[in-house]
>>> print(open('data38.pdb').read())   # PDB, C-alpha atoms and all ligand atoms
ATOM      1  CA  MET B 257    -114.316 155.262  95.449
ATOM      2  CA  LYS B 258    -110.557 155.908  95.366
ATOM      3  CA  ASN B 259    -111.111 159.461  94.152
ATOM      4  CA  ARG B 260    -113.470 160.070  96.997
ATOM      5  CA  ILE B 261    -110.919 158.837  99.569
ATOM      6  CA  ASN B 262    -108.271 161.032  97.967
ATOM      7  CA  ALA B 263    -110.592 164.006  98.233
ATOM      8  CA  ILE B 264    -111.254 163.310 101.918
ATOM      9  CA  VAL B 265    -107.518 162.931 102.646
ATOM     10  CA  ILE B 266    -106.720 166.225 100.895
ATOM     11  CA  PHE B 267    -109.574 167.892 102.738
ATOM     12  CA  LEU B 268    -108.243 166.680 106.114
ATOM     13  CA  LEU B 269    -104.675 167.668 105.248
ATOM     14  CA  PHE B 270    -105.965 171.166 104.705
ATOM     15  CA  LEU B 271    -108.256 171.342 107.730
ATOM     16  CA  ILE B 272    -105.930 169.969 110.414
ATOM     17  CA  PRO B 273    -103.272 172.698 110.060
ATOM     18  CA  LEU B 274    -106.000 175.318 109.794
ATOM     19  CA  PHE B 275    -107.650 174.245 113.051
ATOM     20  CA  THR B 276    -104.252 173.901 114.708
ATOM     21  CA  VAL B 277    -103.451 177.515 113.875
ATOM     22  CA  ILE B 278    -106.850 178.714 115.098
ATOM     23  CA  TYR B 279    -106.606 176.642 118.289
ATOM     24  CA  TYR B 280    -103.118 177.868 119.146
ATOM     25  CA  PHE B 281    -103.668 181.439 118.005
ATOM     26  CA  GLU B 282    -102.926 183.059 121.404
ATOM     27  CA  PRO B 283     -99.637 181.155 121.978
ATOM     28  CA  ILE B 284     -98.634 181.882 118.376
ATOM     29  CA  LYS B 285     -99.386 185.553 118.893
ATOM     30  CA  HIS B 286     -97.270 185.617 122.036
ATOM     31  CA  TRP B 287     -94.498 183.765 120.271
ATOM     32  CA  ILE B 288     -94.476 186.357 117.484
ATOM     33  CA  GLU B 289     -94.366 189.116 120.114
ATOM     34  CA  ASP B 290     -91.360 187.476 121.786
ATOM     35  CA  VAL B 291     -89.599 187.206 118.450
ATOM     36  CA  ASN B 292     -90.436 190.848 117.878
ATOM     37  CA  GLU B 293     -88.930 191.788 121.251
ATOM     38  CA  LYS B 294     -85.678 190.026 120.437
ATOM     39  CA  TYR B 295     -85.665 191.639 117.038
ATOM     40  CA  ALA B 296     -86.182 195.082 118.577
ATOM     41  CA  VAL B 297     -83.166 194.578 120.850
ATOM     42  CA  THR B 298     -80.781 193.476 118.117
ATOM     43  CA  GLU B 299     -82.038 195.834 115.437
ATOM     44  CA  THR B 300     -81.493 199.443 116.456
ATOM     45  CA  GLY B 301     -81.774 201.078 113.042
ATOM     46  CA  GLN B 302     -84.871 202.467 111.364
ATOM     47  CA  ASP B 303     -88.102 200.528 111.245
ATOM     48  CA  SER B 304     -87.710 197.650 108.868
ATOM     49  CA  GLU B 305     -90.676 196.279 106.990
ATOM     50  CA  SER B 306     -90.822 193.198 109.179
ATOM     51  CA  GLN B 307     -90.824 195.303 112.345
ATOM     52  CA  GLN B 308     -93.807 197.218 111.059
ATOM     53  CA  PHE B 309     -95.485 193.962 110.172
ATOM     54  CA  PHE B 310     -95.084 192.780 113.793
ATOM     55  CA  ASN B 311     -96.015 196.169 115.213
ATOM     56  CA  PHE B 312     -99.550 195.139 116.189
ATOM     57  CA  SER B 313    -101.524 195.872 119.330
ATOM     58  CA  ARG B 314    -100.594 194.217 122.614
ATOM     59  CA  GLU B 315    -104.108 194.640 123.928
ATOM     60  CA  THR B 316    -105.411 191.426 125.522
ATOM     61  CA  GLU B 317    -108.520 192.612 127.383
ATOM     62  CA  ASN B 318    -110.543 195.721 126.735
ATOM     63  CA  PHE B 319    -112.969 197.646 128.920
ATOM     64  CA  GLY B 320    -116.189 195.936 129.965
ATOM     65  CA  GLU B 321    -116.588 192.161 129.942
ATOM     66  CA  TYR B 322    -113.585 189.874 130.245
ATOM     67  CA  GLU B 323    -113.123 187.998 126.988
ATOM     68  CA  ARG B 324    -110.134 185.772 127.645
ATOM     69  CA  SER B 325    -109.782 185.531 131.416
ATOM     70  CA  ASP B 326    -112.220 183.986 133.853
ATOM     71  CA  PHE B 327    -112.446 185.851 137.171
ATOM     72  CA  GLY B 328    -115.993 184.814 138.048
ATOM     73  CA  ASN B 329    -119.372 185.385 136.455
ATOM     74  CA  ASN B 330    -119.878 189.052 137.117
ATOM     75  CA  ALA B 331    -116.271 190.189 136.985
ATOM     76  CA  LYS B 332    -116.116 193.448 135.080
ATOM     77  CA  HIS B 333    -112.992 194.904 133.605
ATOM     78  CA  TYR B 334    -112.373 198.573 134.366
ATOM     79  CA  GLY B 335    -109.431 199.261 132.088
ATOM     80  CA  ILE B 336    -107.427 197.952 129.150
ATOM     81  CA  ASP B 337    -104.712 195.277 129.428
ATOM     82  CA  TYR B 338    -101.514 195.162 127.392
ATOM     83  CA  HIS B 339     -99.341 192.064 127.277
ATOM     84  CA  LEU B 340     -95.813 193.176 128.273
ATOM     85  CA  ALA B 341     -92.712 191.294 129.365
ATOM     86  CA  GLU B 342     -91.930 191.889 133.051
ATOM     87  CA  ASP B 343     -89.879 195.003 133.810
ATOM     88  CA  THR B 344     -90.900 196.827 130.635
ATOM     89  CA  PRO B 345     -90.613 200.617 131.198
ATOM     90  CA  VAL B 346     -94.073 202.142 131.696
ATOM     91  CA  LYS B 347     -94.554 205.801 130.736
ATOM     92  CA  ALA B 348     -96.886 208.529 131.922
ATOM     93  CA  VAL B 349     -99.261 209.647 129.172
ATOM     94  CA  THR B 350    -100.260 212.936 130.779
ATOM     95  CA  HIS B 351     -99.039 215.959 132.675
ATOM     96  CA  GLY B 352    -100.036 215.344 136.259
ATOM     97  CA  THR B 353     -99.083 214.447 139.802
ATOM     98  CA  VAL B 354     -98.400 211.054 141.352
ATOM     99  CA  THR B 355    -101.037 211.077 144.089
ATOM    100  CA  ARG B 356    -100.783 207.503 145.395
ATOM    101  CA  LEU B 357     -98.624 204.374 145.252
ATOM    102  CA  PHE B 358    -100.278 201.338 146.826
ATOM    103  CA  ASP B 359    -100.540 197.570 146.977
ATOM    104  CA  ASN B 360    -103.857 195.951 146.134
ATOM    105  CA  GLU B 361    -104.751 192.273 146.541
ATOM    106  CA  PHE B 362    -106.056 192.052 142.967
ATOM    107  CA  GLY B 363    -104.271 194.881 141.183
ATOM    108  CA  GLY B 364    -100.843 194.340 142.741
ATOM    109  CA  LYS B 365     -98.610 197.393 142.817
ATOM    110  CA  VAL B 366    -100.672 200.340 141.608
ATOM    111  CA  LEU B 367     -99.552 203.834 140.619
ATOM    112  CA  GLN B 368    -102.117 206.635 140.614
ATOM    113  CA  ILE B 369    -101.788 209.860 138.673
ATOM    114  CA  THR B 370    -104.082 212.857 138.961
ATOM    115  CA  GLU B 371    -104.162 214.523 135.553
ATOM    116  CA  SER B 372    -103.279 218.223 135.516
ATOM    117  CA  ASN B 373    -106.823 218.971 134.321
ATOM    118  CA  GLY B 374    -107.884 217.980 137.855
ATOM    119  CA  ASN B 375    -110.873 215.911 136.833
ATOM    120  CA  TYR B 376    -109.314 212.682 135.605
ATOM    121  CA  TYR B 377    -107.341 210.012 137.449
ATOM    122  CA  GLN B 378    -105.258 207.141 136.083
ATOM    123  CA  TRP B 379    -104.243 203.783 137.505
ATOM    124  CA  TYR B 380    -101.307 201.749 136.201
ATOM    125  CA  MET B 381    -101.558 198.245 137.706
ATOM    126  CA  HIS B 382     -99.683 194.929 138.274
ATOM    127  CA  LEU B 383     -96.337 196.789 138.427
ATOM    128  CA  ASN B 384     -93.025 195.382 139.622
ATOM    129  CA  ASP B 385     -91.465 198.678 140.655
ATOM    130  CA  TYR B 386     -92.067 202.418 140.845
ATOM    131  CA  LYS B 387     -89.716 205.019 139.334
ATOM    132  CA  VAL B 388     -91.429 208.022 140.939
ATOM    133  CA  LYS B 389     -92.747 208.831 144.405
ATOM    134  CA  GLU B 390     -95.966 210.313 145.743
ATOM    135  CA  GLY B 391     -96.101 214.058 145.107
ATOM    136  CA  ASP B 392     -93.865 213.961 142.018
ATOM    137  CA  THR B 393     -95.084 215.836 138.977
ATOM    138  CA  VAL B 394     -94.854 213.879 135.738
ATOM    139  CA  LYS B 395     -94.971 214.651 132.056
ATOM    140  CA  PRO B 396     -95.907 212.561 129.012
ATOM    141  CA  GLY B 397     -93.181 210.088 128.045
ATOM    142  CA  GLN B 398     -91.585 210.027 131.499
ATOM    143  CA  VAL B 399     -90.807 206.510 132.757
ATOM    144  CA  ILE B 400     -92.814 206.086 135.961
ATOM    145  CA  ALA B 401     -92.647 202.336 136.651
ATOM    146  CA  LEU B 402     -91.651 198.869 135.485
ATOM    147  CA  SER B 403     -94.426 196.507 134.435
ATOM    148  CA  GLY B 404     -94.941 193.153 136.124
ATOM    149  CA  ASN B 405     -97.397 190.475 137.108
ATOM    150  CA  THR B 406     -98.299 191.477 140.691
ATOM    151  CA  GLY B 407    -101.755 190.978 142.250
ATOM    152  CA  LYS B 408    -104.247 188.126 141.949
ATOM    153  CA  GLN B 409    -106.273 189.402 139.026
ATOM    154  CA  THR B 410    -103.783 188.505 136.344
ATOM    155  CA  THR B 411    -103.071 185.506 134.154
ATOM    156  CA  GLY B 412     -99.677 186.684 132.937
ATOM    157  CA  PRO B 413     -97.370 189.700 132.816
ATOM    158  CA  HIS B 414     -99.263 192.757 131.609
ATOM    159  CA  LEU B 415    -100.046 196.406 132.225
ATOM    160  CA  HIS B 416    -103.585 197.379 133.206
ATOM    161  CA  PHE B 417    -104.376 201.011 132.398
ATOM    162  CA  GLN B 418    -107.487 202.556 133.915
ATOM    163  CA  ARG B 419    -108.877 206.086 133.616
ATOM    164  CA  MET B 420    -111.473 207.559 135.935
ATOM    165  CA  GLN B 421    -113.516 210.740 135.659
ATOM    166  CA  GLY B 422    -114.729 212.859 138.574
ATOM    167  CA  GLY B 423    -113.566 210.459 141.296
ATOM    168  CA  ILE B 424    -111.317 207.553 142.157
ATOM    169  CA  GLY B 425    -112.365 203.896 142.088
ATOM    170  CA  ASN B 426    -113.881 201.399 139.685
ATOM    171  CA  ASP B 427    -117.261 203.175 139.796
ATOM    172  CA  TYR B 428    -115.683 206.174 138.086
ATOM    173  CA  ALA B 429    -113.839 204.203 135.395
ATOM    174  CA  GLU B 430    -114.571 204.921 131.755
ATOM    175  CA  ASP B 431    -113.505 203.132 128.607
ATOM    176  CA  PRO B 432    -110.080 204.687 127.924
ATOM    177  CA  ASN B 433    -109.922 203.457 124.347
ATOM    178  CA  ASN B 434    -110.560 206.824 122.661
ATOM    179  CA  TYR B 435    -108.177 208.581 125.030
ATOM    180  CA  ILE B 436    -105.393 206.105 124.227
ATOM    181  CA  GLU B 437    -106.007 206.223 120.481
ATOM    182  CA  GLN B 438    -105.517 210.000 120.386
ATOM    183  CA  LEU B 439    -102.142 209.823 122.200
ATOM    184  CA  PRO B 440     -99.136 210.668 119.971
ATOM    185  CA  GLU B 441     -98.065 207.023 119.683
ATOM    186  CA  GLY B 442    -101.358 205.391 120.624
ATOM    187  CA  GLU B 443    -100.944 202.564 123.130
ATOM    188  CA  ARG B 444     -97.150 202.732 122.611
ATOM    189  CA  SER B 445     -97.223 206.033 124.493
ATOM    190  CA  LEU B 446     -97.797 203.837 127.583
ATOM    191  CA  TYR B 447     -94.737 201.606 127.351
ATOM    192  CA  ASP B 448     -91.291 201.092 125.810
ATOM    193  CA  ALA B 449     -91.322 197.620 124.284
TER     194      ALA B 449
HETATM  195 ZN    ZN R 501    -106.863 194.529 133.482
END
>>> encode(input="data38.pdb", output="C-alpha cells", more="lines below")
Ligand SMILES: [Zn+2]
Amino acid sequence: MKNRINAIVIFLLFLIPLFTVIYYFEPIKHWIEDVNEKYAVTETGQDSESQQFFNFSRETENFGEYERSDFGNNAKHYGIDYHLAEDTPVKAVTHGTVTRLFDNEFGGKVLQITESNGNYYQWYMHLNDYKVKEGDTVKPGQVIALSGNTGKQTTGPHLHFQRMQGGIGNDYAEDPNNYIEQLPEGERSLYDA
C-alpha cells in the first residue's frame, strides 16, 4: 500500500510541472522572446550559441484559419502574424512603390506596397508609424515603418504581413509563406528585432 502511494506521489510530482509548462507555453514563449530581446540589445558581438538557440520564429498566426485568436466563427486570416515589441523597425522585402498609407478599423495603420513586378501587392498592418510616404520607391531592407498594435483585430503587438496577387483586397490574398521563406533572411527580412 505504501509503495503504491509513493508511486502515485512521484507520478503527480512529474505530471504537475509538465502540465504547467504545457498550459503556460505561450506566456513562456513570450517571456523567452523578451529575454532574447534584452540579450540582443546588450550583446552586439557575433551570434552566440544561446542567441541561435532563441532565434526561433515569431509567427503567431498563419494564413487561413485563426488558431489562437477568436474573432468570430468565420473570421479568416489573410496574412501571417509576427509577434513584435511595439516600435520595432519594419522593412520592405521587395523593390516597389508605396502606393497607399491608410487607417483601417481592424487593421489599424496599414502600409501598401506595389511590387515592381506590377502584379503583386503587400500590406503591412497594425503599425504605429510610417517611415515613407505615398509615391516613394522602396528597396529590400529599407525601414518603412514601426510596428505597433493599432486596429481592432489584434490581441497584442504584432506585424501582419499580407500579399495579394492580381488585385488589392482580402479576396486577392494568397498564403505568403513560401514567398517569405525564400527571402534572404526568411521572416527576419521583414523586421529588425
Ligand atoms: Zn494578422
>>> residues_near_point(input="data38.pdb", point="(-103.2, 216.2, 137.2)", cutoff="7 Å", atoms="only C-alpha atoms", output="list in words")
His351, Gly352, Thr353, Ile369, Thr370, Glu371, Ser372, Asn373 and Gly374 of chain B
>>> residues_near_ligand(input="data38.pdb", ligand="ligand ZN 501 (chain R)", cutoff="10 Å", atoms="all atoms listed in the file", output="MDAnalysis selection string")
chainID B and resid 315:319 322 325 332:338 362:363 380:382 409:411 414:418
>>> atom_distance(input="data38.pdb", atom1="atom CA of Asp431 of chain B", atom2="atom CA of Arg419 of chain B")
7.4 Å
>>> atom_distance(input="data38.pdb", atom1="atom CA of Tyr377 of chain B", atom2="atom CA of Val346 of chain B")
16.5 Å
>>> resolve_selection(input="data38.pdb", expression="the PyMOL selection byres (((chain B and resi 435) around 12) and not hetatm)", output="list in words")
Gly335, Ile336, Val349, Thr350, Tyr376, Gln378, Phe417, Gln418, Arg419, Met420, Glu430, Asp431, Pro432, Asn433, Asn434, Ile436, Glu437, Gln438, Leu439, Pro440, Glu441, Gly442, Glu443, Ser445 and Leu446 of chain B
>>> residues_around(input="data38.pdb", residues="segment 390-406 of chain B", least_positions_apart="2", cutoff="6 Å", atoms="only C-alpha atoms", output="mmCIF file with C-alpha atoms, in the frame of the given file")
data_model
loop_
_atom_site.group_PDB
_atom_site.id
_atom_site.type_symbol
_atom_site.label_atom_id
_atom_site.label_comp_id
_atom_site.auth_asym_id
_atom_site.auth_seq_id
_atom_site.Cartn_x
_atom_site.Cartn_y
_atom_site.Cartn_z
ATOM 1 C CA GLU B 342 -91.930 191.889 133.051
ATOM 2 C CA ASP B 343 -89.879 195.003 133.810
ATOM 3 C CA THR B 344 -90.900 196.827 130.635
ATOM 4 C CA PRO B 345 -90.613 200.617 131.198
ATOM 5 C CA VAL B 346 -94.073 202.142 131.696
ATOM 6 C CA LYS B 347 -94.554 205.801 130.736
ATOM 7 C CA ALA B 348 -96.886 208.529 131.922
ATOM 8 C CA VAL B 349 -99.261 209.647 129.172
ATOM 9 C CA THR B 350 -100.260 212.936 130.779
ATOM 10 C CA HIS B 351 -99.039 215.959 132.675
ATOM 11 C CA GLY B 352 -100.036 215.344 136.259
ATOM 12 C CA THR B 353 -99.083 214.447 139.802
ATOM 13 C CA VAL B 354 -98.400 211.054 141.352
ATOM 14 C CA THR B 355 -101.037 211.077 144.089
ATOM 15 C CA ARG B 356 -100.783 207.503 145.395
ATOM 16 C CA GLY B 364 -100.843 194.340 142.741
ATOM 17 C CA HIS B 382 -99.683 194.929 138.274
ATOM 18 C CA LEU B 383 -96.337 196.789 138.427
ATOM 19 C CA ASN B 384 -93.025 195.382 139.622
ATOM 20 C CA ASP B 385 -91.465 198.678 140.655
ATOM 21 C CA TYR B 386 -92.067 202.418 140.845
ATOM 22 C CA LYS B 387 -89.716 205.019 139.334
ATOM 23 C CA VAL B 388 -91.429 208.022 140.939
ATOM 24 C CA PRO B 413 -97.370 189.700 132.816
#
>>> axis_aligned_box(input="data38.pdb", around="segment 349-358 of chain B", padding_each_side="4 Å", output="JSON")
{"center_x": -99.7, "center_y": 208.6, "center_z": 138.0, "size_x": 10.6, "size_y": 22.6, "size_z": 25.7}
>>> atom_distance(input="data38.pdb", atom1="atom CA of Ile424 of chain B", atom2="atom CA of Asn375 of chain B")
9.9 Å
>>> build_atoms(input="data38.pdb", residues="segment 393-419 of chain B", atoms="N, CA and C atoms", output="CSV table (one decimal), in the coordinates of the input")
chain,number,residue,atom,x,y,z
B,393,THR,N,-94.3,215.5,140.2
B,393,THR,CA,-95.1,215.8,139.0
B,393,THR,C,-94.5,215.1,137.8
B,394,VAL,N,-95.3,214.7,136.9
B,394,VAL,CA,-94.9,213.9,135.7
B,394,VAL,C,-95.3,214.5,134.4
B,395,LYS,N,-94.6,214.2,133.4
B,395,LYS,CA,-95.0,214.7,132.1
B,395,LYS,C,-95.0,213.5,131.1
B,396,PRO,N,-95.7,213.7,130.0
B,396,PRO,CA,-95.9,212.6,129.0
B,396,PRO,C,-94.6,212.0,128.6
B,397,GLY,N,-94.4,210.7,128.5
B,397,GLY,CA,-93.2,210.1,128.0
B,397,GLY,C,-92.2,209.7,129.2
B,398,GLN,N,-92.5,210.3,130.4
B,398,GLN,CA,-91.6,210.0,131.5
B,398,GLN,C,-91.8,208.6,132.0
B,399,VAL,N,-90.7,207.9,132.2
B,399,VAL,CA,-90.8,206.5,132.8
B,399,VAL,C,-91.2,206.6,134.2
B,400,ILE,N,-92.3,206.0,134.6
B,400,ILE,CA,-92.8,206.1,136.0
B,400,ILE,C,-92.8,204.8,136.7
B,401,ALA,N,-92.6,203.6,136.0
B,401,ALA,CA,-92.6,202.3,136.7
B,401,ALA,C,-92.1,201.3,135.7
B,402,LEU,N,-92.0,200.1,136.3
B,402,LEU,CA,-91.7,198.9,135.5
B,402,LEU,C,-92.8,197.9,135.6
B,403,SER,N,-93.3,197.4,134.5
B,403,SER,CA,-94.4,196.5,134.4
B,403,SER,C,-94.1,195.2,135.1
B,404,GLY,N,-95.1,194.4,135.5
B,404,GLY,CA,-94.9,193.2,136.1
B,404,GLY,C,-96.2,192.3,136.0
B,405,ASN,N,-96.3,191.4,137.1
B,405,ASN,CA,-97.4,190.5,137.1
B,405,ASN,C,-97.9,190.4,138.5
B,406,THR,N,-97.9,191.5,139.3
B,406,THR,CA,-98.3,191.5,140.7
B,406,THR,C,-99.8,191.5,140.9
B,407,GLY,N,-100.3,191.0,142.0
B,407,GLY,CA,-101.8,191.0,142.2
B,407,GLY,C,-102.4,189.7,141.7
B,408,LYS,N,-103.6,189.4,142.3
B,408,LYS,CA,-104.2,188.1,141.9
B,408,LYS,C,-105.0,188.2,140.6
B,409,GLN,N,-105.4,189.3,140.2
B,409,GLN,CA,-106.3,189.4,139.0
B,409,GLN,C,-105.4,189.5,137.8
B,410,THR,N,-104.6,188.5,137.5
B,410,THR,CA,-103.8,188.5,136.3
B,410,THR,C,-103.5,187.1,135.9
B,411,THR,N,-103.4,186.9,134.6
B,411,THR,CA,-103.1,185.5,134.2
B,411,THR,C,-101.7,185.5,133.4
B,412,GLY,N,-101.0,186.6,133.6
B,412,GLY,CA,-99.7,186.7,132.9
B,412,GLY,C,-99.2,188.1,133.0
B,413,PRO,N,-97.9,188.3,132.7
B,413,PRO,CA,-97.4,189.7,132.8
B,413,PRO,C,-98.1,190.7,131.9
B,414,HIS,N,-98.6,191.8,132.4
B,414,HIS,CA,-99.3,192.8,131.6
B,414,HIS,C,-99.4,194.1,132.4
B,415,LEU,N,-99.7,195.1,131.6
B,415,LEU,CA,-100.0,196.4,132.2
B,415,LEU,C,-101.6,196.6,132.1
B,416,HIS,N,-102.2,197.0,133.2
B,416,HIS,CA,-103.6,197.4,133.2
B,416,HIS,C,-103.6,198.9,133.3
B,417,PHE,N,-104.2,199.6,132.4
B,417,PHE,CA,-104.4,201.0,132.4
B,417,PHE,C,-105.8,201.3,132.6
B,418,GLN,N,-106.1,202.2,133.6
B,418,GLN,CA,-107.5,202.6,133.9
B,418,GLN,C,-107.6,204.1,134.0
B,419,ARG,N,-108.7,204.6,133.5
B,419,ARG,CA,-108.9,206.1,133.6
B,419,ARG,C,-110.3,206.4,134.2
